[in-house]
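Visitor: Below you will find the structure I want to go over with you.
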Amino acid sequence: MAEQLQAELECPPFPMALSYLWQAWARLRRRTPAGINGPNPITIEAIDAFIRRTGLRLDPGDIQLIEDIDDLYLSKMAEQASERDRQQALKDGLGRASKQGGKRIANG
């Protein structure tokens, strides 16, 4: 069991040459407000303002990578929200079933 969990947690080493992109994404993500349905995507306008204000030089490929990282983040967040919703629905359903079962016993 521990070996299986360890294998699932293993990933390739972080490419240090791209750490500037990860840091840029993290800074942008921290300043992107969430909406009613969860996190919003980082906009191209936010990236443009970030580049202008920080002086960081990003080529179109760098911007694409930031957008790709953000798309993966948003996808994972949506999966987690969906799983939380599923678990809550299951709990709610079990709670209702338990209450109905109690009523049947009392009325029976």
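Chain labels A, B, ... are given in the sequence in which chains occur in the structure tokens; within each chain residues are numbered consecutively from 1, and ligands are likewise numbered from 1 in the order shown.
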Quick one: contact table of segment 72-99 of chain A to segment 40-47 of chain A, 12 Å max, nearest atom pair and distance in Å to one decimal per residue, counting only C-alpha atoms, chain and number order, as a tab-separated table?
Guide:
residue	atom	partner	partner_atom	distance
A:Leu72	CA	A:Pro41	CA	10.4
A:Tyr73	CA	A:Pro41	CA	9.2
A:Leu74	CA	A:Pro41	CA	7.1
A:Ser75	CA	A:Pro41	CA	10.4
A:Met77	CA	A:Asn40	CA	10.5
A:Ala78	CA	A:Asn40	CA	10.9
Visitor: Generate the output file for the selected residues, C-alpha atoms, as a short mmCIF file (atom, residue, chain, number, x, y, z; two decimals), in the first residue's frame.
Guide:
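Once written, part03.cif looks like this:
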data_model
loop_
_atom_site.label_atom_id
_atom_site.label_comp_id
_atom_site.auth_asym_id
_atom_site.auth_seq_id
_atom_site.Cartn_x
_atom_site.Cartn_y
_atom_site.Cartn_z
CA LEU A 72 -4.60 22.50 -15.99
CA TYR A 73 -5.11 24.22 -12.63
CA LEU A 74 -8.70 25.17 -13.50
CA SER A 75 -9.42 21.64 -14.73
CA MET A 77 -10.07 22.58 -9.38
CA ALA A 78 -13.26 21.73 -11.32
#
Visitor: Quick one, how far is atom CA of Gln64 of chain A from atom CA of Pro33 of chain A?
Guide: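 According to the coordinates, atom CA of Gln64 of chain A and atom CA of Pro33 of chain A are separated by 20.6 Å.
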Visitor: Could you give me the residues within chain A that DSSP places in helix (DSSP H, G or I), as a PyMOL selection string?
Guide: chain A and resi 2-9+16-30+44-54+60-107
Visitor: Looking only at strand (DSSP E or B) from DSSP on the backbone, list the matching residues of chain A as a list in words.
Guide: Ala34, Gly35, Gly38 and Pro39 of chain A
Visitor: Just to be explicit: take each residue in the selection above, keep C-alpha atoms, and write the result as a CSV table (one decimal), in the first residue's frame.
Guide:
chain,number,residue,atom,x,y,z
A,34,ALA,CA,-12.5,33.7,-7.9
A,35,GLY,CA,-16.1,33.8,-9.2
A,38,GLY,CA,-14.7,28.9,-8.4
A,39,PRO,CA,-11.5,30.3,-9.8
Visitor: Which of these, A:Ile66, A:Lys91, A:Ala97, A:Leu9, has the shortest distance to Arg27 of chain A once you count only C-alpha atoms?
Guide: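 Residue with the minimum atom-to-atom distance to Arg27 of chain A: A:Ile66.
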Visitor: Please provide as number ranges by chain all residues within 12 Å of Tyr20 of chain A, with the sequence filter that same-chain residues fewer than 2 positions apart are discarded (counting only C-alpha atoms).
Guide: A: 14-18, 22-27, 56-58, 62-63, 65-66
Visitor: Restricted to N, CA, C and O atoms, what would the selected residues look like written as an mmCIF file, in the first residue's frame?
Guide:
data_model
loop_
_atom_site.group_PDB
_atom_site.id
_atom_site.type_symbol
_atom_site.label_atom_id
_atom_site.label_comp_id
_atom_site.auth_asym_id
_atom_site.auth_seq_id
_atom_site.Cartn_x
_atom_site.Cartn_y
_atom_site.Cartn_z
ATOM 1 N N PHE A 14 11.374 18.970 -11.304
ATOM 2 C CA PHE A 14 10.919 20.259 -11.814
ATOM 3 C C PHE A 14 11.982 20.847 -12.739
ATOM 4 O O PHE A 14 13.155 20.910 -12.370
ATOM 5 N N PRO A 15 11.601 21.314 -13.928
ATOM 6 C CA PRO A 15 12.576 21.919 -14.852
ATOM 7 C C PRO A 15 12.960 23.330 -14.380
ATOM 8 O O PRO A 15 12.233 24.290 -14.609
ATOM 9 N N MET A 16 14.073 23.447 -13.706
ATOM 10 C CA MET A 16 14.489 24.721 -13.109
ATOM 11 C C MET A 16 14.602 25.848 -14.133
ATOM 12 O O MET A 16 14.400 27.009 -13.804
ATOM 13 N N ALA A 17 14.886 25.506 -15.392
ATOM 14 C CA ALA A 17 14.988 26.540 -16.428
ATOM 15 C C ALA A 17 13.646 27.238 -16.658
ATOM 16 O O ALA A 17 13.604 28.338 -17.202
ATOM 17 N N LEU A 18 12.569 26.618 -16.227
ATOM 18 C CA LEU A 18 11.240 27.210 -16.404
ATOM 19 C C LEU A 18 10.665 27.778 -15.101
ATOM 20 O O LEU A 18 9.493 28.141 -15.049
ATOM 21 N N TRP A 22 6.801 29.464 -13.783
ATOM 22 C CA TRP A 22 6.008 28.989 -12.648
ATOM 23 C C TRP A 22 5.772 30.130 -11.659
ATOM 24 O O TRP A 22 4.663 30.315 -11.164
ATOM 25 N N GLN A 23 6.810 30.916 -11.396
ATOM 26 C CA GLN A 23 6.681 32.045 -10.474
ATOM 27 C C GLN A 23 5.729 33.097 -11.038
ATOM 28 O O GLN A 23 4.927 33.676 -10.299
ATOM 29 N N ALA A 24 5.815 33.344 -12.344
ATOM 30 C CA ALA A 24 4.905 34.314 -12.975
ATOM 31 C C ALA A 24 3.468 33.822 -12.870
ATOM 32 O O ALA A 24 2.564 34.591 -12.505
ATOM 33 N N TRP A 25 3.240 32.539 -13.170
ATOM 34 C CA TRP A 25 1.890 31.984 -13.064
ATOM 35 C C TRP A 25 1.376 32.101 -11.617
ATOM 36 O O TRP A 25 0.232 32.516 -11.403
ATOM 37 N N ALA A 26 2.216 31.760 -10.654
ATOM 38 C CA ALA A 26 1.800 31.808 -9.247
ATOM 39 C C ALA A 26 1.434 33.234 -8.828
ATOM 40 O O ALA A 26 0.437 33.447 -8.125
ATOM 41 N N ARG A 27 2.209 34.202 -9.264
ATOM 42 C CA ARG A 27 1.898 35.603 -8.933
ATOM 43 C C ARG A 27 0.583 36.033 -9.576
ATOM 44 O O ARG A 27 -0.247 36.684 -8.945
ATOM 45 N N LEU A 56 9.119 41.859 -16.881
ATOM 46 C CA LEU A 56 9.478 40.493 -17.266
ATOM 47 C C LEU A 56 9.249 40.331 -18.764
ATOM 48 O O LEU A 56 8.224 40.736 -19.294
ATOM 49 N N ARG A 57 10.213 39.764 -19.426
ATOM 50 C CA ARG A 57 10.098 39.556 -20.871
ATOM 51 C C ARG A 57 9.615 38.134 -21.136
ATOM 52 O O ARG A 57 10.280 37.175 -20.783
ATOM 53 N N LEU A 58 8.443 38.058 -21.721
ATOM 54 C CA LEU A 58 7.870 36.765 -22.066
ATOM 55 C C LEU A 58 7.590 36.729 -23.568
ATOM 56 O O LEU A 58 6.999 37.662 -24.108
ATOM 57 N N ASP A 62 6.085 31.486 -23.981
ATOM 58 C CA ASP A 62 6.008 31.592 -22.522
ATOM 59 C C ASP A 62 4.570 31.877 -22.074
ATOM 60 O O ASP A 62 4.069 31.276 -21.119
ATOM 61 N N ILE A 63 3.920 32.784 -22.790
ATOM 62 C CA ILE A 63 2.532 33.131 -22.464
ATOM 63 C C ILE A 63 1.638 31.908 -22.650
ATOM 64 O O ILE A 63 0.769 31.630 -21.819
ATOM 65 N N LEU A 65 2.518 28.805 -22.300
ATOM 66 C CA LEU A 65 2.769 27.894 -21.179
ATOM 67 C C LEU A 65 2.043 28.350 -19.910
ATOM 68 O O LEU A 65 1.489 27.525 -19.178
ATOM 69 N N ILE A 66 2.034 29.643 -19.658
ATOM 70 C CA ILE A 66 1.301 30.164 -18.500
ATOM 71 C C ILE A 66 -0.184 29.844 -18.644
ATOM 72 O O ILE A 66 -0.837 29.402 -17.693
#
Visitor: Please indicate the distance in Å from atom CA of Ile69 of chain A to atom CA of Glu3 of chain A, rounded to one decimal place.
Guide: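 Atom CA of Glu3 of chain A lies at a distance of 28.6 Å from atom CA of Ile69 of chain A.
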Visitor: Nearest to Arg30 of chain A among A:Asp70, A:Glu8, A:Asp48, A:Asp59, with distances taken over only C-alpha atoms: which residue is it?
Guide: A:Asp70
Visitor: Near Gly61 of chain A, counting only C-alpha atoms, which residues have an atom at most 12 Å away, once you skip same-chain residues fewer than 6 positions from it, shown as a PyMOL selection string?
Guide: chain A and resi 18+21+67-68
